[in-house]
file work-v8.txt (compact mmCIF, C-alpha atoms)
# COMPACT_ATOMS: atom_id res chain seq x y z
CA MET A 1 -103.10 70.60 -35.22
CA GLU A 2 -100.86 73.55 -34.41
CA ARG A 3 -98.70 73.38 -31.36
CA ARG A 4 -97.74 76.60 -29.62
CA LEU A 5 -95.09 77.13 -27.03
CA ALA A 6 -95.92 79.29 -24.07
CA ALA A 7 -93.99 82.53 -24.09
CA ARG A 8 -91.55 82.80 -21.25
CA PRO A 9 -90.97 86.07 -19.50
CA PRO A 10 -87.60 87.59 -20.44
CA ALA A 11 -84.73 86.53 -18.22
CA ASP A 12 -83.38 89.21 -15.95
CA ASP A 13 -79.80 88.73 -17.13
CA GLY A 14 -79.14 92.24 -18.36
CA THR A 15 -79.68 91.35 -22.06
CA ALA A 16 -83.26 92.62 -22.30
CA ASP A 17 -82.06 95.99 -23.61
CA ALA A 18 -79.37 94.54 -25.88
CA PRO A 19 -79.98 94.87 -29.61
CA ALA A 20 -81.31 91.74 -31.31
CA PHE A 21 -78.74 89.64 -33.14
CA VAL A 22 -79.46 89.62 -36.88
CA LEU A 23 -77.75 86.64 -38.48
CA GLU A 24 -78.18 88.05 -41.99
CA GLU A 25 -76.04 91.05 -41.03
CA PHE A 26 -73.32 89.01 -39.30
CA LEU A 27 -70.13 89.17 -41.44
CA PRO A 28 -69.12 85.49 -41.19
CA HIS A 29 -72.64 84.48 -42.22
CA ARG A 30 -72.73 86.92 -45.17
CA LEU A 31 -69.32 85.74 -46.38
CA SER A 32 -70.45 82.13 -46.09
CA VAL A 33 -73.65 82.77 -48.08
CA VAL A 34 -71.86 84.64 -50.87
CA SER A 35 -69.11 82.01 -50.93
CA ALA A 36 -71.63 79.16 -51.17
CA ARG A 37 -73.44 80.84 -54.06
CA ALA A 38 -70.17 81.46 -55.90
CA HIS A 39 -69.08 77.88 -55.21
CA ARG A 40 -72.27 76.45 -56.74
CA LEU A 41 -72.05 78.73 -59.78
CA PHE A 42 -68.41 77.90 -60.51
CA ALA A 43 -68.70 74.20 -59.60
CA ARG A 44 -71.51 73.75 -62.13
CA ALA A 45 -69.58 75.61 -64.83
CA TYR A 46 -66.30 73.73 -64.28
CA ALA A 47 -68.10 70.39 -64.28
CA GLU A 48 -70.10 71.14 -67.43
CA GLN A 49 -67.24 72.71 -69.39
CA ALA A 50 -64.31 70.47 -68.41
CA GLY A 51 -65.51 67.79 -66.00
CA LEU A 52 -63.50 69.37 -63.18
CA SER A 53 -64.28 69.97 -59.54
CA ILE A 54 -63.39 73.29 -57.94
CA ALA A 55 -60.50 71.62 -56.10
CA GLU A 56 -59.16 70.20 -59.38
CA TRP A 57 -59.46 73.62 -61.02
CA GLN A 58 -57.59 75.24 -58.12
CA VAL A 59 -54.76 72.68 -58.27
CA LEU A 60 -54.40 73.16 -62.03
CA SER A 61 -54.43 76.94 -61.65
CA VAL A 62 -51.78 76.97 -58.93
CA LEU A 63 -49.50 74.71 -60.97
CA ALA A 64 -50.13 76.66 -64.19
CA ARG A 65 -48.94 79.82 -62.42
CA SER A 66 -46.21 78.47 -60.14
CA GLY A 67 -44.69 75.53 -61.99
CA ASP A 68 -43.64 72.29 -60.29
CA LEU A 69 -44.66 72.10 -56.62
CA SER A 70 -45.24 69.50 -53.96
CA ALA A 71 -48.85 68.78 -52.95
CA THR A 72 -48.13 70.50 -49.62
CA ASP A 73 -47.02 73.65 -51.45
CA VAL A 74 -50.15 73.54 -53.63
CA ALA A 75 -52.33 73.24 -50.52
CA ARG A 76 -50.54 76.18 -48.90
CA GLN A 77 -50.76 78.43 -51.97
CA ALA A 78 -54.42 77.66 -52.59
CA ALA A 79 -55.36 77.68 -48.87
CA MET A 80 -56.84 74.22 -49.39
CA ASP A 81 -57.21 71.21 -47.14
CA LYS A 82 -54.51 68.59 -47.82
CA VAL A 83 -57.12 65.85 -48.23
CA LYS A 84 -58.93 67.84 -50.94
CA VAL A 85 -55.63 68.47 -52.70
CA SER A 86 -54.75 64.78 -52.51
CA ARG A 87 -58.08 63.73 -54.05
CA ALA A 88 -57.84 66.37 -56.76
CA VAL A 89 -54.26 65.36 -57.58
CA ARG A 90 -55.23 61.69 -57.83
CA SER A 91 -58.04 62.52 -60.27
CA LEU A 92 -55.88 64.90 -62.32
CA LEU A 93 -53.09 62.31 -62.57
CA GLU A 94 -55.57 59.69 -63.80
CA ARG A 95 -56.83 62.12 -66.44
CA ARG A 96 -53.23 62.97 -67.42
CA LEU A 97 -53.71 66.65 -66.61
CA LEU A 98 -50.83 66.43 -64.13
CA ARG A 99 -47.66 64.41 -63.86
CA ARG A 100 -45.70 63.56 -60.74
CA ALA A 101 -41.94 63.19 -60.49
CA GLU A 102 -39.32 62.76 -57.82
CA ASP A 103 -37.65 65.94 -56.59
CA ARG A 104 -34.04 66.01 -57.79
CA ARG A 105 -32.76 67.51 -54.53
CA ASP A 106 -34.90 65.50 -52.08
CA ARG A 107 -35.93 62.07 -53.29
CA ARG A 108 -38.58 61.83 -50.55
CA VAL A 109 -40.56 64.69 -52.13
CA ARG A 110 -42.82 64.19 -55.12
CA ARG A 111 -43.27 67.22 -57.39
CA LEU A 112 -46.42 67.90 -59.37
CA ALA A 113 -46.44 69.57 -62.77
CA ILE A 114 -49.23 70.47 -65.13
CA THR A 115 -49.12 68.63 -68.46
CA ALA A 116 -49.74 70.22 -71.86
CA LEU A 117 -53.27 68.79 -71.75
CA GLY A 118 -53.76 70.20 -68.25
CA ARG A 119 -52.51 73.61 -69.38
CA ARG A 120 -54.91 73.61 -72.35
CA THR A 121 -57.78 72.55 -70.08
CA GLN A 122 -57.03 75.26 -67.52
CA ALA A 123 -56.48 77.94 -70.15
CA GLY A 124 -59.63 76.90 -71.98
CA LEU A 125 -61.67 77.66 -68.88
CA MET A 126 -60.28 81.18 -68.45
CA PRO A 127 -62.88 82.97 -70.63
CA LEU A 128 -65.64 81.26 -68.62
CA VAL A 129 -63.93 82.08 -65.31
CA HIS A 130 -63.68 85.76 -66.22
CA ALA A 131 -67.25 85.86 -67.50
CA LEU A 132 -68.63 84.30 -64.30
CA GLU A 133 -66.58 86.62 -62.11
CA GLY A 134 -67.84 89.57 -64.17
CA GLU A 135 -71.41 88.32 -63.74
CA MET A 136 -70.98 88.12 -59.98
CA LEU A 137 -69.38 91.55 -59.76
CA GLY A 138 -71.76 93.07 -62.32
CA PRO A 139 -73.82 95.07 -59.81
CA LEU A 140 -70.65 96.80 -58.53
CA SER A 141 -68.96 99.84 -60.02
CA ALA A 142 -65.26 99.58 -60.92
CA GLU A 143 -64.50 101.58 -57.79
CA ASP A 144 -66.60 99.20 -55.66
CA ARG A 145 -64.81 96.21 -57.19
CA ASP A 146 -61.41 97.67 -56.33
CA ARG A 147 -62.60 98.47 -52.83
CA LEU A 148 -64.01 94.96 -52.37
CA ARG A 149 -60.73 93.36 -53.45
CA ALA A 150 -58.78 95.62 -51.09
CA VAL A 151 -61.11 94.92 -48.16
CA LEU A 152 -61.04 91.15 -48.74
CA PHE A 153 -57.24 91.26 -48.95
CA ARG A 154 -57.07 93.14 -45.63
CA LEU A 155 -59.54 90.78 -43.96
CA ASP A 156 -57.52 87.81 -45.17
CA ARG A 157 -54.42 89.22 -43.52
call {"tool": "encode", "arguments": {"input": "work-v8.txt", "output": "structure tokens"}}
result
Amino acid sequence: MERRLAARPPADDGTADAPAFVLEEFLPHRLSVVSARAHRLFARAYAEQAGLSIAEWQVLSVLARSGDLSATDVARQAAMDKVKVSRAVRSLLERRLLRRAEDRRDRRVRRLAITALGRRTQAGLMPLVHALEGEMLGPLSAEDRDRLRAVLFRLDR
């Protein structure tokens, strides 16, 4: 049995002539959709190739590039939630992909560093990372890719 709602007459609030809102054209929605698709694609690949989550991959990548950092610094550089960083760090320490040591200048701070195994794991994923990024950007010309990067950088600022 189909249930139908009675149509209400439009409210006289001055919005009757306003253009309809199209969610699929709304920038935050489009960014969210593209981000979710990329997240699923990369999450599956990282898990299958190296048993890593995206957060673990991000932590390894930040430390591979920047050297020893505190978890707070990793979170800041990767624009990640501190709880996600903490969970990723715990897992990476257990797997011996990271090591943690006391800061020589401030004994209250614990520094994180990527281990040789962590560096090999992160580096080993780079061909896959570049291939997946290329697959995602495949429909775009080189000029469009450059423009997209520039626009995303400006939006992020």
call {"tool": "closest_residue", "arguments": {"input": "work-v8.txt", "among": "A:Phe153, A:Phe21, A:Trp57, A:Phe26", "to": "Ala123 of chain A", "atoms": "only C-alpha atoms"}}
result
A:Trp57
call {"tool": "closest_residue", "arguments": {"input": "work-v8.txt", "among": "A:Glu102, A:Asp73, A:Ile54, A:Leu60", "to": "Val89 of chain A", "atoms": "all atoms listed in the file"}}
result
A:Leu60
call {"tool": "residues_around", "arguments": {"input": "work-v8.txt", "residues": "Ser53 of chain A", "least_positions_apart": "6", "cutoff": "10 Å", "atoms": "only C-alpha atoms", "output": "ChimeraX atom specification"}}
result
/A:42-47,59,88,91
call {"tool": "atom_distance", "arguments": {"input": "work-v8.txt", "atom1": "atom CA of Ser61 of chain A", "atom2": "atom CA of Ser141 of chain A"}}
result
27.2 Å
call {"tool": "closest_residue", "arguments": {"input": "work-v8.txt", "among": "A:Ile114, A:Ala36, A:Arg104, A:Gly134", "to": "Val62 of chain A", "atoms": "only C-alpha atoms"}}
result
A:Ile114
call {"tool": "atom_distance", "arguments": {"input": "work-v8.txt", "atom1": "atom CA of Leu148 of chain A", "atom2": "atom CA of Glu133 of chain A"}}
result
13.1 Å
call {"tool": "residues_around", "arguments": {"input": "work-v8.txt", "residues": "Met136 of chain A", "least_positions_apart": "3", "cutoff": "12 Å", "atoms": "only C-alpha atoms", "output": "mmCIF file with C-alpha atoms, keeping the file's coordinate frame"}}
result
data_model
loop_
_atom_site.group_PDB
_atom_site.id
_atom_site.type_symbol
_atom_site.label_atom_id
_atom_site.label_comp_id
_atom_site.auth_asym_id
_atom_site.auth_seq_id
_atom_site.Cartn_x
_atom_site.Cartn_y
_atom_site.Cartn_z
ATOM 1 C CA VAL A 34 -71.860 84.640 -50.870
ATOM 2 C CA SER A 35 -69.110 82.010 -50.930
ATOM 3 C CA ARG A 37 -73.440 80.840 -54.060
ATOM 4 C CA ALA A 38 -70.170 81.460 -55.900
ATOM 5 C CA HIS A 39 -69.080 77.880 -55.210
ATOM 6 C CA LEU A 41 -72.050 78.730 -59.780
ATOM 7 C CA PHE A 42 -68.410 77.900 -60.510
ATOM 8 C CA VAL A 129 -63.930 82.080 -65.310
ATOM 9 C CA HIS A 130 -63.680 85.760 -66.220
ATOM 10 C CA ALA A 131 -67.250 85.860 -67.500
ATOM 11 C CA LEU A 132 -68.630 84.300 -64.300
ATOM 12 C CA GLU A 133 -66.580 86.620 -62.110
ATOM 13 C CA PRO A 139 -73.820 95.070 -59.810
ATOM 14 C CA LEU A 140 -70.650 96.800 -58.530
ATOM 15 C CA SER A 141 -68.960 99.840 -60.020
ATOM 16 C CA ARG A 145 -64.810 96.210 -57.190
#
call {"tool": "atom_distance", "arguments": {"input": "work-v8.txt", "atom1": "atom CA of Leu112 of chain A", "atom2": "atom CA of Leu98 of chain A"}}
result
6.7 Å
call {"tool": "residues_around", "arguments": {"input": "work-v8.txt", "residues": "Ala64 of chain A", "least_positions_apart": "5", "cutoff": "10 Å", "atoms": "all atoms listed in the file", "output": "list in words"}}
result
Gln58, Val59, Ala113, Ile114, Thr115, Gly118, Arg119, Arg120, Gln122 and Ala123 of chain A
call {"tool": "axis_aligned_box", "arguments": {"input": "work-v8.txt", "around": "segment 55-59 of chain A", "padding_each_side": "6 Å", "output": "lines of an AutoDock Vina configuration file"}}
result
center_x = -57.6
center_y = 72.7
center_z = -58.6
size_x = 17.7
size_y = 17.0
size_z = 16.9
call {"tool": "closest_residue", "arguments": {"input": "work-v8.txt", "among": "A:Arg40, A:Arg111, A:Ala101, A:Asp106", "to": "Ala71 of chain A", "atoms": "all atoms listed in the file"}}
result
A:Arg111
call {"tool": "closest_residue", "arguments": {"input": "work-v8.txt", "among": "A:Arg110, A:His29, A:Arg157, A:Arg96", "to": "Val74 of chain A", "atoms": "only C-alpha atoms"}}
result
A:Arg110
call {"tool": "decode", "arguments": {"input": "work-v8.txt", "residues": "segment 51-106 of chain A", "atoms": "C-alpha atoms", "output": "PDB file, in the first residue's frame"}}
result
ATOM      1  CA  GLY A  51      48.080  -3.911   6.447  1.00  0.00           C
ATOM      2  CA  LEU A  52      47.959  -0.180   7.172  1.00  0.00           C
ATOM      3  CA  SER A  53      45.090   2.195   7.801  1.00  0.00           C
ATOM      4  CA  ILE A  54      45.065   5.603   6.154  1.00  0.00           C
ATOM      5  CA  ALA A  55      45.934   7.217   9.495  1.00  0.00           C
ATOM      6  CA  GLU A  56      48.916   4.870   9.917  1.00  0.00           C
ATOM      7  CA  TRP A  57      50.071   5.648   6.375  1.00  0.00           C
ATOM      8  CA  GLN A  58      49.791   9.386   7.043  1.00  0.00           C
ATOM      9  CA  VAL A  59      51.795   9.155  10.285  1.00  0.00           C
ATOM     10  CA  LEU A  60      54.531   7.132   8.559  1.00  0.00           C
ATOM     11  CA  SER A  61      54.628   9.575   5.644  1.00  0.00           C
ATOM     12  CA  VAL A  62      54.913  12.646   7.866  1.00  0.00           C
ATOM     13  CA  LEU A  63      57.732  11.078   9.872  1.00  0.00           C
ATOM     14  CA  ALA A  64      59.501   9.797   6.746  1.00  0.00           C
ATOM     15  CA  ARG A  65      59.589  13.368   5.426  1.00  0.00           C
ATOM     16  CA  SER A  66      60.070  15.380   8.612  1.00  0.00           C
ATOM     17  CA  GLY A  67      62.127  13.184  10.910  1.00  0.00           C
ATOM     18  CA  ASP A  68      61.526  12.905  14.655  1.00  0.00           C
ATOM     19  CA  LEU A  69      58.382  14.714  15.832  1.00  0.00           C
ATOM     20  CA  SER A  70      55.980  14.672  18.734  1.00  0.00           C
ATOM     21  CA  ALA A  71      52.522  13.191  18.136  1.00  0.00           C
ATOM     22  CA  THR A  72      51.103  16.724  18.392  1.00  0.00           C
ATOM     23  CA  ASP A  73      53.422  17.891  15.611  1.00  0.00           C
ATOM     24  CA  VAL A  74      52.428  14.902  13.456  1.00  0.00           C
ATOM     25  CA  ALA A  75      48.745  15.726  13.981  1.00  0.00           C
ATOM     26  CA  ARG A  76      49.358  19.363  13.048  1.00  0.00           C
ATOM     27  CA  GLN A  77      51.371  18.561   9.911  1.00  0.00           C
ATOM     28  CA  ALA A  78      48.900  15.954   8.680  1.00  0.00           C
ATOM     29  CA  ALA A  79      45.809  17.952   9.737  1.00  0.00           C
ATOM     30  CA  MET A  80      44.678  14.886  11.671  1.00  0.00           C
ATOM     31  CA  ASP A  81      42.657  14.435  14.832  1.00  0.00           C
ATOM     32  CA  LYS A  82      44.898  13.749  17.858  1.00  0.00           C
ATOM     33  CA  VAL A  83      42.908  10.627  18.761  1.00  0.00           C
ATOM     34  CA  LYS A  84      43.463   9.151  15.284  1.00  0.00           C
ATOM     35  CA  VAL A  85      47.160   9.935  15.512  1.00  0.00           C
ATOM     36  CA  SER A  86      47.350   8.331  18.958  1.00  0.00           C
ATOM     37  CA  ARG A  87      45.691   5.114  17.735  1.00  0.00           C
ATOM     38  CA  ALA A  88      47.872   4.994  14.630  1.00  0.00           C
ATOM     39  CA  VAL A  89      51.024   5.572  16.681  1.00  0.00           C
ATOM     40  CA  ARG A  90      50.095   2.800  19.116  1.00  0.00           C
ATOM     41  CA  SER A  91      49.592   0.348  16.247  1.00  0.00           C
ATOM     42  CA  LEU A  92      52.782   1.413  14.455  1.00  0.00           C
ATOM     43  CA  LEU A  93      54.815   1.074  17.665  1.00  0.00           C
ATOM     44  CA  GLU A  94      53.453  -2.449  18.199  1.00  0.00           C
ATOM     45  CA  ARG A  95      54.424  -3.364  14.643  1.00  0.00           C
ATOM     46  CA  ARG A  96      57.872  -1.796  15.140  1.00  0.00           C
ATOM     47  CA  LEU A  97      57.348   0.655  12.280  1.00  0.00           C
ATOM     48  CA  LEU A  98      57.936   3.529  14.710  1.00  0.00           C
ATOM     49  CA  ARG A  99      59.983   4.043  17.829  1.00  0.00           C
ATOM     50  CA  ARG A 100      59.399   6.529  20.618  1.00  0.00           C
ATOM     51  CA  ALA A 101      62.067   8.280  22.661  1.00  0.00           C
ATOM     52  CA  GLU A 102      62.311  11.031  25.223  1.00  0.00           C
ATOM     53  CA  ASP A 103      63.107  14.485  23.872  1.00  0.00           C
ATOM     54  CA  ARG A 104      66.632  15.467  24.925  1.00  0.00           C
ATOM     55  CA  ARG A 105      65.667  19.095  25.574  1.00  0.00           C
ATOM     56  CA  ASP A 106      62.273  18.515  27.227  1.00  0.00           C
TER      57      ASP A 106
END
